[in-house]
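Novice: data_35.cif is reproduced below (mmCIF, C-alpha atoms).
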data_input
#
loop_
_atom_site.group_PDB
_atom_site.id
_atom_site.type_symbol
_atom_site.label_atom_id
_atom_site.label_comp_id
_atom_site.auth_asym_id
_atom_site.auth_seq_id
_atom_site.Cartn_x
_atom_site.Cartn_y
_atom_site.Cartn_z
ATOM 1 C CA MET A 7 103.249 79.921 150.356
ATOM 2 C CA THR A 8 105.770 77.548 148.769
ATOM 3 C CA PHE A 9 106.709 78.252 145.176
ATOM 4 C CA ILE A 10 107.350 75.104 143.158
ATOM 5 C CA LYS A 11 108.588 75.248 139.564
ATOM 6 C CA THR A 12 106.561 72.517 137.916
ATOM 7 C CA THR A 13 108.160 73.559 134.623
ATOM 8 C CA GLU A 14 111.504 72.336 136.000
ATOM 9 C CA GLN A 15 110.323 69.009 137.403
ATOM 10 C CA ASP A 16 111.457 65.741 135.845
ATOM 11 C CA SER A 17 109.721 64.571 132.697
ATOM 12 C CA GLN A 18 107.191 61.793 133.083
ATOM 13 C CA TYR A 19 109.192 59.928 130.428
ATOM 14 C CA ASN A 20 112.692 58.515 130.661
ATOM 15 C CA HIS A 21 115.316 57.050 128.334
ATOM 16 C CA LEU A 22 114.121 59.289 125.513
ATOM 17 C CA GLU A 23 117.189 58.420 123.479
ATOM 18 C CA LYS A 24 116.006 54.812 123.309
ATOM 19 C CA MET A 25 112.571 55.669 121.868
ATOM 20 C CA SER A 26 111.769 55.238 118.196
ATOM 21 C CA VAL A 27 110.800 58.304 116.173
ATOM 22 C CA SER A 28 107.199 57.075 116.186
ATOM 23 C CA ASN A 29 107.093 56.753 119.977
ATOM 24 C CA LEU A 30 108.815 60.096 120.492
ATOM 25 C CA LEU A 31 106.218 61.873 118.366
ATOM 26 C CA LYS A 32 103.323 59.980 119.936
ATOM 27 C CA ASN A 33 104.441 60.866 123.455
ATOM 28 C CA ILE A 34 105.122 64.516 122.612
ATOM 29 C CA ASN A 35 101.660 64.699 121.057
ATOM 30 C CA ASN A 36 100.087 63.131 124.144
ATOM 31 C CA GLU A 37 101.707 65.794 126.294
ATOM 32 C CA ASP A 38 100.623 68.562 123.907
ATOM 33 C CA LYS A 39 96.993 67.419 124.176
ATOM 34 C CA THR A 40 96.976 68.488 127.825
ATOM 35 C CA VAL A 41 97.808 72.125 127.039
ATOM 36 C CA PRO A 42 94.376 73.393 125.899
ATOM 37 C CA LEU A 43 92.819 71.870 129.016
ATOM 38 C CA ALA A 44 95.333 73.735 131.182
ATOM 39 C CA VAL A 45 94.510 76.958 129.331
ATOM 40 C CA GLU A 46 90.793 76.339 129.878
ATOM 41 C CA LYS A 47 91.324 76.327 133.645
ATOM 42 C CA SER A 48 92.868 79.793 133.342
ATOM 43 C CA LEU A 49 89.991 81.367 131.383
ATOM 44 C CA PRO A 50 88.802 83.562 134.287
ATOM 45 C CA GLN A 51 92.297 85.066 134.602
ATOM 46 C CA ILE A 52 92.599 85.476 130.820
ATOM 47 C CA THR A 53 89.209 87.209 130.774
ATOM 48 C CA ALA A 54 90.186 89.647 133.514
ATOM 49 C CA LEU A 55 93.414 90.601 131.728
ATOM 50 C CA THR A 56 91.739 90.919 128.333
ATOM 51 C CA GLU A 57 89.072 93.227 129.742
ATOM 52 C CA GLN A 58 91.782 95.521 131.095
ATOM 53 C CA ILE A 59 93.554 95.563 127.726
ATOM 54 C CA VAL A 60 90.333 96.386 125.885
ATOM 55 C CA ARG A 61 89.509 99.162 128.338
ATOM 56 C CA LYS A 62 92.902 100.814 127.951
ATOM 57 C CA LEU A 63 93.091 100.460 124.173
ATOM 58 C CA HIS A 64 89.591 101.892 123.809
ATOM 59 C CA LYS A 65 90.956 104.988 125.522
ATOM 60 C CA GLY A 66 93.949 105.306 123.214
ATOM 61 C CA GLY A 67 96.455 103.186 125.122
ATOM 62 C CA ARG A 68 98.821 100.535 123.816
ATOM 63 C CA LEU A 69 99.604 96.917 124.639
ATOM 64 C CA PHE A 70 103.178 95.872 125.406
ATOM 65 C CA TYR A 71 104.506 92.332 125.672
ATOM 66 C CA ILE A 72 107.848 91.914 127.407
ATOM 67 C CA GLY A 73 109.810 88.710 127.830
ATOM 68 C CA ALA A 74 113.086 86.867 127.341
ATOM 69 C CA GLY A 75 114.043 83.895 125.195
ATOM 70 C CA THR A 76 111.147 81.848 123.832
ATOM 71 C CA SER A 77 108.630 83.896 125.821
ATOM 72 C CA GLY A 78 109.959 87.144 124.391
ATOM 73 C CA ARG A 79 109.951 85.760 120.851
ATOM 74 C CA LEU A 80 106.331 84.651 121.178
ATOM 75 C CA GLY A 81 105.360 88.152 122.288
ATOM 76 C CA VAL A 82 107.176 89.694 119.339
ATOM 77 C CA VAL A 83 105.432 87.284 116.958
ATOM 78 C CA ASP A 84 101.960 88.081 118.270
ATOM 79 C CA ALA A 85 102.594 91.828 118.211
ATOM 80 C CA SER A 86 104.018 91.736 114.682
ATOM 81 C CA GLU A 87 100.963 89.887 113.372
ATOM 82 C CA CYS A 88 98.428 92.464 114.581
ATOM 83 C CA PRO A 89 99.018 95.138 111.884
ATOM 84 C CA PRO A 90 98.654 92.847 108.846
ATOM 85 C CA THR A 91 95.769 90.904 110.380
ATOM 86 C CA PHE A 92 93.755 93.762 111.835
ATOM 87 C CA GLY A 93 95.060 96.817 109.991
ATOM 88 C CA VAL A 94 96.261 98.566 113.152
ATOM 89 C CA SER A 95 99.378 100.662 113.674
ATOM 90 C CA TYR A 96 102.649 98.891 114.451
ATOM 91 C CA ASN A 97 102.746 101.015 117.596
ATOM 92 C CA LEU A 98 99.487 99.655 119.042
ATOM 93 C CA VAL A 99 100.798 96.236 120.094
ATOM 94 C CA VAL A 100 104.530 96.156 120.785
ATOM 95 C CA GLY A 101 106.728 93.141 121.545
ATOM 96 C CA ILE A 102 109.917 93.691 123.534
ATOM 97 C CA ILE A 103 112.538 90.968 124.031
ATOM 98 C CA ALA A 104 115.507 90.959 126.390
ATOM 99 C CA GLY A 105 118.662 91.600 124.403
ATOM 100 C CA GLY A 106 116.871 93.528 121.660
ATOM 101 C CA ASP A 107 115.822 92.433 118.193
ATOM 102 C CA ILE A 108 118.995 90.414 117.654
ATOM 103 C CA ALA A 109 117.731 88.052 120.386
ATOM 104 C CA ILE A 110 114.802 87.070 118.162
ATOM 105 C CA ARG A 111 117.210 84.974 116.095
ATOM 106 C CA LYS A 112 120.154 84.408 118.421
ATOM 107 C CA ALA A 113 120.192 84.022 122.194
ATOM 108 C CA VAL A 114 121.822 86.935 124.022
ATOM 109 C CA GLU A 115 123.619 85.625 127.087
ATOM 110 C CA PHE A 116 122.459 86.897 130.492
ATOM 111 C CA ALA A 117 120.073 89.452 128.939
ATOM 112 C CA GLU A 118 117.216 88.042 130.997
ATOM 113 C CA ASP A 119 119.123 88.585 134.254
ATOM 114 C CA SER A 120 119.160 92.389 134.086
ATOM 115 C CA LYS A 121 117.046 94.147 136.706
ATOM 116 C CA ASN A 122 117.167 97.508 134.963
ATOM 117 C CA GLN A 123 117.013 96.944 131.214
ATOM 118 C CA GLY A 124 113.359 95.909 131.004
ATOM 119 C CA TRP A 125 112.131 99.261 132.280
ATOM 120 C CA LEU A 126 114.663 101.103 130.123
ATOM 121 C CA ASP A 127 113.402 99.232 127.056
ATOM 122 C CA LEU A 128 109.816 100.215 127.882
ATOM 123 C CA GLN A 129 110.822 103.837 128.371
ATOM 124 C CA GLU A 130 112.155 103.938 124.817
ATOM 125 C CA HIS A 131 108.505 103.734 123.764
ATOM 126 C CA HIS A 132 107.502 106.599 126.110
ATOM 127 C CA ILE A 133 105.240 104.303 128.095
ATOM 128 C CA THR A 134 102.518 105.935 130.222
ATOM 129 C CA ASP A 135 99.673 104.933 132.522
ATOM 130 C CA LYS A 136 97.421 104.771 129.444
ATOM 131 C CA ASP A 137 99.185 101.545 128.424
ATOM 132 C CA VAL A 138 99.126 97.891 129.522
ATOM 133 C CA VAL A 139 102.252 95.757 129.971
ATOM 134 C CA VAL A 140 102.075 91.959 129.899
ATOM 135 C CA GLY A 141 105.149 90.099 131.124
ATOM 136 C CA ILE A 142 105.730 86.668 129.603
ATOM 137 C CA ALA A 143 107.911 84.111 131.405
ATOM 138 C CA ALA A 144 107.255 80.391 131.670
ATOM 139 C CA SER A 145 109.250 80.116 134.897
ATOM 140 C CA GLY A 146 107.792 83.269 136.413
ATOM 141 C CA THR A 147 111.232 84.146 137.776
ATOM 142 C CA THR A 148 112.881 86.160 134.974
ATOM 143 C CA PRO A 149 114.477 89.291 136.537
ATOM 144 C CA TYR A 150 114.263 91.313 133.299
ATOM 145 C CA VAL A 151 110.482 90.874 133.242
ATOM 146 C CA ILE A 152 109.721 91.067 136.958
ATOM 147 C CA SER A 153 111.683 94.278 137.498
ATOM 148 C CA ALA A 154 109.990 95.892 134.488
ATOM 149 C CA LEU A 155 106.553 95.114 135.922
ATOM 150 C CA GLU A 156 107.581 96.380 139.352
ATOM 151 C CA LYS A 157 108.469 99.730 137.775
ATOM 152 C CA CYS A 158 105.183 99.740 135.885
ATOM 153 C CA ASN A 159 103.257 99.186 139.107
ATOM 154 C CA LYS A 160 105.042 102.143 140.713
ATOM 155 C CA ASN A 161 104.006 104.281 137.738
ATOM 156 C CA ASN A 162 100.329 103.220 137.823
ATOM 157 C CA ILE A 163 100.622 101.199 134.612
ATOM 158 C CA ILE A 164 98.343 98.168 134.374
ATOM 159 C CA THR A 165 100.385 94.939 134.485
ATOM 160 C CA GLY A 166 99.533 91.396 133.459
ATOM 161 C CA CYS A 167 101.561 88.266 132.912
ATOM 162 C CA ILE A 168 101.557 84.817 131.353
ATOM 163 C CA THR A 169 103.432 82.219 133.361
ATOM 164 C CA CYS A 170 103.357 78.450 133.764
ATOM 165 C CA ASN A 171 104.102 78.134 137.481
ATOM 166 C CA LYS A 172 101.647 78.800 140.296
ATOM 167 C CA HIS A 173 102.359 81.612 142.773
ATOM 168 C CA SER A 174 105.556 82.679 141.004
ATOM 169 C CA PRO A 175 107.317 85.986 141.719
ATOM 170 C CA LEU A 176 106.068 87.270 138.359
ATOM 171 C CA ALA A 177 102.450 86.365 139.110
ATOM 172 C CA ASN A 178 102.745 87.977 142.542
ATOM 173 C CA THR A 179 104.089 91.156 140.929
ATOM 174 C CA SER A 180 101.454 91.323 138.191
ATOM 175 C CA LYS A 181 98.086 92.968 138.853
ATOM 176 C CA PHE A 182 96.331 90.619 136.418
ATOM 177 C CA PRO A 183 98.272 87.343 136.310
ATOM 178 C CA VAL A 184 97.508 84.436 134.021
ATOM 179 C CA GLU A 185 98.873 81.177 135.411
ATOM 180 C CA VAL A 186 98.540 78.178 133.092
ATOM 181 C CA ILE A 187 99.989 75.088 134.733
ATOM 182 C CA VAL A 188 101.102 72.646 132.057
ATOM 183 C CA GLY A 189 103.257 70.474 134.316
ATOM 184 C CA PRO A 190 106.651 68.925 133.530
ATOM 185 C CA GLU A 191 107.906 69.099 129.955
ATOM 186 C CA PHE A 192 108.567 66.039 127.773
ATOM 187 C CA VAL A 193 112.231 67.035 127.803
ATOM 188 C CA THR A 194 112.869 68.126 131.379
ATOM 189 C CA GLY A 195 112.958 71.909 131.673
ATOM 190 C CA SER A 196 112.432 72.586 127.943
ATOM 191 C CA SER A 197 109.739 75.218 128.386
ATOM 192 C CA ARG A 198 109.680 76.024 124.675
ATOM 193 C CA MET A 199 107.445 72.935 124.415
ATOM 194 C CA LYS A 200 104.169 72.780 126.406
ATOM 195 C CA ALA A 201 104.749 76.089 128.171
ATOM 196 C CA GLY A 202 105.530 77.795 124.874
ATOM 197 C CA THR A 203 102.421 76.307 123.283
ATOM 198 C CA ALA A 204 100.270 77.530 126.177
ATOM 199 C CA GLN A 205 101.748 81.015 125.940
ATOM 200 C CA LYS A 206 101.084 81.140 122.196
ATOM 201 C CA LEU A 207 97.471 80.072 122.693
ATOM 202 C CA ILE A 208 96.912 82.752 125.326
ATOM 203 C CA LEU A 209 98.581 85.474 123.264
ATOM 204 C CA ASN A 210 96.275 84.545 120.366
ATOM 205 C CA MET A 211 93.310 84.895 122.709
ATOM 206 C CA LEU A 212 94.407 88.234 124.167
ATOM 207 C CA SER A 213 95.095 89.962 120.861
ATOM 208 C CA THR A 214 92.241 88.453 118.855
ATOM 209 C CA ALA A 215 89.552 89.072 121.472
ATOM 210 C CA THR A 216 90.859 92.608 121.980
ATOM 211 C CA MET A 217 90.825 93.435 118.270
ATOM 212 C CA ILE A 218 87.296 92.061 117.906
ATOM 213 C CA GLN A 219 86.198 94.244 120.817
ATOM 214 C CA LEU A 220 87.842 97.228 119.115
ATOM 215 C CA GLY A 221 85.713 96.600 116.011
ATOM 216 C CA LYS A 222 88.438 95.200 113.760
ATOM 217 C CA ILE A 223 86.325 92.223 112.627
ATOM 218 C CA LYS A 224 83.015 92.303 110.728
ATOM 219 C CA GLY A 225 80.937 89.155 111.154
ATOM 220 C CA ASN A 226 83.870 86.756 111.265
ATOM 221 C CA LYS A 227 86.009 88.406 108.581
ATOM 222 C CA MET A 228 89.278 90.381 108.738
ATOM 223 C CA VAL A 229 87.900 93.417 106.921
ATOM 224 C CA ASP A 230 90.794 95.654 108.019
ATOM 225 C CA MET A 231 93.611 93.295 107.019
ATOM 226 C CA GLN A 232 96.489 94.652 104.981
ATOM 227 C CA LEU A 233 96.427 93.377 101.388
ATOM 228 C CA SER A 234 100.161 92.773 101.380
ATOM 229 C CA ASN A 235 100.391 89.703 99.144
ATOM 230 C CA ASN A 236 98.440 87.853 96.473
ATOM 231 C CA LYS A 237 96.923 85.391 98.933
ATOM 232 C CA LEU A 238 95.450 88.179 101.051
ATOM 233 C CA LEU A 239 94.357 90.097 97.978
ATOM 234 C CA GLU A 240 92.433 87.069 96.725
ATOM 235 C CA ARG A 241 90.913 86.559 100.161
ATOM 236 C CA GLY A 242 89.827 90.194 100.228
ATOM 237 C CA GLN A 243 88.247 89.889 96.786
ATOM 238 C CA LYS A 244 86.235 86.839 97.857
ATOM 239 C CA MET A 245 85.108 88.539 101.064
ATOM 240 C CA LEU A 246 84.023 91.631 99.178
ATOM 241 C CA ALA A 247 82.282 89.691 96.426
ATOM 242 C CA GLN A 248 80.328 87.705 98.992
ATOM 243 C CA GLU A 249 79.412 90.732 101.088
ATOM 244 C CA LEU A 250 78.276 92.898 98.180
ATOM 245 C CA ASN A 251 77.034 90.136 95.859
ATOM 246 C CA ILE A 252 79.345 91.211 93.034
ATOM 247 C CA ASP A 253 81.873 89.347 90.913
ATOM 248 C CA VAL A 254 85.519 89.067 91.984
ATOM 249 C CA THR A 255 86.723 91.263 89.126
ATOM 250 C CA LYS A 256 84.648 94.169 90.351
ATOM 251 C CA ALA A 257 85.694 93.372 93.904
ATOM 252 C CA GLY A 258 89.339 93.638 92.841
ATOM 253 C CA LEU A 259 88.750 97.063 91.326
ATOM 254 C CA LEU A 260 87.071 98.261 94.515
ATOM 255 C CA LEU A 261 89.958 96.998 96.641
ATOM 256 C CA ALA A 262 92.472 98.731 94.392
ATOM 257 C CA LYS A 263 90.536 101.959 94.754
ATOM 258 C CA PHE A 264 89.713 101.926 98.476
ATOM 259 C CA GLY A 265 92.623 99.986 99.991
ATOM 260 C CA ASN A 266 90.876 97.400 102.153
ATOM 261 C CA VAL A 267 87.648 95.443 102.498
ATOM 262 C CA ARG A 268 86.021 97.702 105.081
ATOM 263 C CA ASN A 269 86.561 100.894 103.088
ATOM 264 C CA ALA A 270 85.373 99.216 99.908
ATOM 265 C CA ILE A 271 82.135 98.060 101.588
ATOM 266 C CA LYS A 272 81.535 101.466 103.122
ATOM 267 C CA ASN A 273 82.085 103.428 99.919
ATOM 268 C CA TYR A 274 80.233 100.964 97.681
ATOM 269 C CA LYS A 275 77.120 101.162 99.843
ATOM 270 C CA LYS A 276 77.293 104.954 99.713
#
Have the structure of the file written as structure tokens, please.
Specialist:
Amino acid sequence: MTFIKTTEQDSQYNHLEKMSVSNLLKNINNEDKTVPLAVEKSLPQITALTEQIVRKLHKGGRLFYIGAGTSGRLGVVDASECPPTFGVSYNLVVGIIAGGDIAIRKAVEFAEDSKNQGWLDLQEHHITDKDVVVGIAASGTTPYVISALEKCNKNNIITGCITCNKHSPLANTSKFPVEVIVGPEFVTGSSRMKAGTAQKLILNMLSTATMIQLGKIKGNKMVDMQLSNNKLLERGQKMLAQELNIDVTKAGLLLAKFGNVRNAIKNYKK
């Protein structure tokens, strides 16, 4: 089967440098509108991967994202947001980027081309067959990611991926691939645009649905969130006041005593 990189095909727009700011933004926005529809077509694949993640995490496993460049950064962002949002350990969802943490801010040349480092980076976290590894690569051809998933497969570790090309080497390597085909980018080959947006949407879906399934949401509220700033503290007070039908001052005292909304509800009702 022929593998075609639609992410590398020519933009449907030309002479971008001659467009006004207004037209540039309008056309970028028009392209962005197509992304959620592309994600929708991939819902069965996203569901299959999410169910595997939930199953493994229910049994004490962890979720790893691994990628390079924009894809790696998006994985790190999603992983880093899970502890404050859902009150889970920083070791439960882990983002790994080619080139290490320095690559989050500054590109590390040729880091994505290594066929050994991805697996070595995973081994630093003592990865086992209890865990799930999701490779993220818009092109679906990143050696760092593909080789890491190949090693995972050999060690009976569940593998998934998020890619924006159909039938890519990464999708063929992954046991539970997610292929979201967004087509050519507005700027030819700039996969930080539509492809990056699609990856972000899917990462949101994977982590949020998983955490809900793990019981980290009550009703529709983040009852396990970390109260790490004034905004979140105020949100927690309002949630608690509404849930227990008390005033916000009392809610604040309960939060100070019990640490988060869930514990405050539990102990107040006792």
Novice: Residues at most 7 Å from stretch 255-263 of chain A, counting only C-alpha atoms, excluding those fewer than 6 positions away in the same chain, as number ranges by chain?
Specialist: A: 243, 246-247, 270
Novice: Considering all atoms listed in the file, tabulate each residue of stretch 144-203 of chain A that lies at most 10 Å from stretch 66-75 of chain A along with its nearest interatomic pair and the corresponding distance in Å to one decimal; arrange the rows by chain and ascending residue number and present them as JSON lines.
Specialist:
{"residue": "A:Ala144", "atom": "CA", "partner": "A:Gly73", "partner_atom": "CA", "distance": 9.5}
{"residue": "A:Thr148", "atom": "CA", "partner": "A:Ala74", "partner_atom": "CA", "distance": 7.7}
{"residue": "A:Pro149", "atom": "CA", "partner": "A:Ala74", "partner_atom": "CA", "distance": 9.6}
{"residue": "A:Tyr150", "atom": "CA", "partner": "A:Gly73", "partner_atom": "CA", "distance": 7.5}
{"residue": "A:Val151", "atom": "CA", "partner": "A:Gly73", "partner_atom": "CA", "distance": 5.9}
{"residue": "A:Ile152", "atom": "CA", "partner": "A:Gly73", "partner_atom": "CA", "distance": 9.4}
{"residue": "A:Ala154", "atom": "CA", "partner": "A:Ile72", "partner_atom": "CA", "distance": 8.4}
{"residue": "A:Leu155", "atom": "CA", "partner": "A:Ile72", "partner_atom": "CA", "distance": 9.2}
{"residue": "A:Ile164", "atom": "CA", "partner": "A:Leu69", "partner_atom": "CA", "distance": 9.9}
{"residue": "A:Thr165", "atom": "CA", "partner": "A:Phe70", "partner_atom": "CA", "distance": 9.5}
{"residue": "A:Gly166", "atom": "CA", "partner": "A:Tyr71", "partner_atom": "CA", "distance": 9.3}
{"residue": "A:Cys167", "atom": "CA", "partner": "A:Tyr71", "partner_atom": "CA", "distance": 8.8}
{"residue": "A:Ile168", "atom": "CA", "partner": "A:Gly73", "partner_atom": "CA", "distance": 9.8}
{"residue": "A:Arg198", "atom": "CA", "partner": "A:Gly75", "partner_atom": "CA", "distance": 9.0}
Novice: Can you work out the spacing between atom CA of A:Val100 and atom CA of A:Ser197 in Å, to one decimal?
Specialist: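 Here the two named atoms are 22.9 Å from each other.
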Novice: Can you translate the PyMOL selection byres ((chain A and resi 212) around 9) into the concrete residues it hits in this file, as a ChimeraX atom specification?
Specialist: /A:52-53,55-56,59,207-211,213-217
Novice: Find the residues near A:Thr203: any atom within 10 Å, counting all atoms listed in the file, skip ones fewer than 6 places away on the same chain, and give them as an mmCIF file with C-alpha atoms, keeping the file's coordinate frame.
Specialist:
data_model
loop_
_atom_site.group_PDB
_atom_site.id
_atom_site.type_symbol
_atom_site.label_atom_id
_atom_site.label_comp_id
_atom_site.auth_asym_id
_atom_site.auth_seq_id
_atom_site.Cartn_x
_atom_site.Cartn_y
_atom_site.Cartn_z
ATOM 1 C CA ASP A 38 100.623 68.562 123.907
ATOM 2 C CA VAL A 41 97.808 72.125 127.039
ATOM 3 C CA PRO A 42 94.376 73.393 125.899
ATOM 4 C CA VAL A 45 94.510 76.958 129.331
ATOM 5 C CA LEU A 80 106.331 84.651 121.178
ATOM 6 C CA VAL A 188 101.102 72.646 132.057
ATOM 7 C CA SER A 197 109.739 75.218 128.386
ATOM 8 C CA LEU A 209 98.581 85.474 123.264
#
Novice: For A:Gly189, work out the shell of residues within 9 Å, counting all atoms listed in the file and skipping chain neighbours fewer than 5 positions away, then give it as a PDB file with C-alpha atoms, in the coordinates of the input.
Specialist:
ATOM      1  CA  LYS A  11     108.588  75.248 139.564  1.00  0.00           C
ATOM      2  CA  THR A  12     106.561  72.517 137.916  1.00  0.00           C
ATOM      3  CA  THR A  13     108.160  73.559 134.623  1.00  0.00           C
ATOM      4  CA  GLU A  14     111.504  72.336 136.000  1.00  0.00           C
ATOM      5  CA  GLN A  15     110.323  69.009 137.403  1.00  0.00           C
ATOM      6  CA  SER A  17     109.721  64.571 132.697  1.00  0.00           C
ATOM      7  CA  CYS A 170     103.357  78.450 133.764  1.00  0.00           C
ATOM      8  CA  ASN A 171     104.102  78.134 137.481  1.00  0.00           C
ATOM      9  CA  LYS A 200     104.169  72.780 126.406  1.00  0.00           C
ATOM     10  CA  ALA A 201     104.749  76.089 128.171  1.00  0.00           C
TER      11      ALA A 201
END
Novice: So what do you get for atom CA of A:Gln219 versus atom CA of A:Gln58, distance-wise?
Specialist: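 Taking atom CA of A:Gln219 as the start and atom CA of A:Gln58 as the end point, the length is 11.8 Å.
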Novice: Out of A:Leu30, A:Val139, A:Val83, A:Ile271, which residue has the shortest atom-to-atom distance to A:Cys158 when counting only C-alpha atoms?
Specialist: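 Among A:Leu30, A:Val139, A:Val83, A:Ile271, it is A:Val139 that comes nearest to A:Cys158.
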Novice: Separation of atom CA of A:Gly78 and atom CA of A:Ser145, in Å?
Specialist: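 Computed distance, atom CA of A:Gly78 to atom CA of A:Ser145, equals 12.7 Å.
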Novice: If you count all atoms listed in the file, which residues fall within 9 Å of A:Phe192, apart from same-chain ones fewer than 5 positions away, as a PyMOL selection string?
Specialist: chain A and resi 16-19+33-34+37+199-200
Novice: Evaluated on this file, the PyMOL selection byres ((chain A and resi 116-123) around 6) picks out some residues - which ones are they, written as a ChimeraX atom specification?
Specialist: /A:74,104-105,114-115,124-127,149-150,153
Novice: The selected residues should be written to file as a tab-separated table (two decimals), in the coordinates of the input (atoms: C-alpha atoms).
Specialist:
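Final file, result-v2.tsv:
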chain	number	residue	atom	x	y	z
A	74	ALA	CA	113.09	86.87	127.34
A	104	ALA	CA	115.51	90.96	126.39
A	105	GLY	CA	118.66	91.60	124.40
A	114	VAL	CA	121.82	86.94	124.02
A	115	GLU	CA	123.62	85.62	127.09
A	124	GLY	CA	113.36	95.91	131.00
A	125	TRP	CA	112.13	99.26	132.28
A	126	LEU	CA	114.66	101.10	130.12
A	127	ASP	CA	113.40	99.23	127.06
A	149	PRO	CA	114.48	89.29	136.54
A	150	TYR	CA	114.26	91.31	133.30
A	153	SER	CA	111.68	94.28	137.50
Novice: Taking the file above as input, evaluate the PyMOL selection byres ((chain A and resi 224-239) around 10) and report the hits as JSON, numbers by chain.
Specialist: {"A": [88, 89, 90, 91, 92, 93, 94, 218, 221, 222, 223, 240, 241, 242, 243, 244, 245, 246, 258, 261, 262, 265, 266, 267, 268, 269, 270, 271]}
Novice: What would the file look like if the residues just selected were written as a compact mmCIF listing (two decimals), in the coordinates of the input with C-alpha atoms?
Specialist:
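Below is the file part-v5.txt, written as the result:
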# COMPACT_ATOMS: atom_id res chain seq x y z
CA CYS A 88 98.43 92.46 114.58
CA PRO A 89 99.02 95.14 111.88
CA PRO A 90 98.65 92.85 108.85
CA THR A 91 95.77 90.90 110.38
CA PHE A 92 93.76 93.76 111.84
CA GLY A 93 95.06 96.82 109.99
CA VAL A 94 96.26 98.57 113.15
CA ILE A 218 87.30 92.06 117.91
CA GLY A 221 85.71 96.60 116.01
CA LYS A 222 88.44 95.20 113.76
CA ILE A 223 86.32 92.22 112.63
CA GLU A 240 92.43 87.07 96.72
CA ARG A 241 90.91 86.56 100.16
CA GLY A 242 89.83 90.19 100.23
CA GLN A 243 88.25 89.89 96.79
CA LYS A 244 86.24 86.84 97.86
CA MET A 245 85.11 88.54 101.06
CA LEU A 246 84.02 91.63 99.18
CA GLY A 258 89.34 93.64 92.84
CA LEU A 261 89.96 97.00 96.64
CA ALA A 262 92.47 98.73 94.39
CA GLY A 265 92.62 99.99 99.99
CA ASN A 266 90.88 97.40 102.15
CA VAL A 267 87.65 95.44 102.50
CA ARG A 268 86.02 97.70 105.08
CA ASN A 269 86.56 100.89 103.09
CA ALA A 270 85.37 99.22 99.91
CA ILE A 271 82.14 98.06 101.59
Novice: With all atoms listed in the file as the basis for distance, which of A:Leu220, A:Ala143, A:Ile102, A:Ala113 is at the shortest distance from A:Gln129?
Specialist: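 Of the candidates, the smallest distance to A:Gln129 is held by A:Ile102.
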Novice: Could you check which residues have any atom within 10 Å of (104.5, 85.7, 144.3), counting all atoms listed in the file with coordinates taken straight from the file, and then list them as an NGL selection string?
Specialist: :A and (7-9 or 146-147 or 172-180)
Novice: Which one is closest to A:Gly202: A:Ile163, A:Val60, A:Ile110, A:Val186? Count all atoms listed in the file.
Specialist: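 Smallest separation from A:Gly202 among the options: A:Val186.
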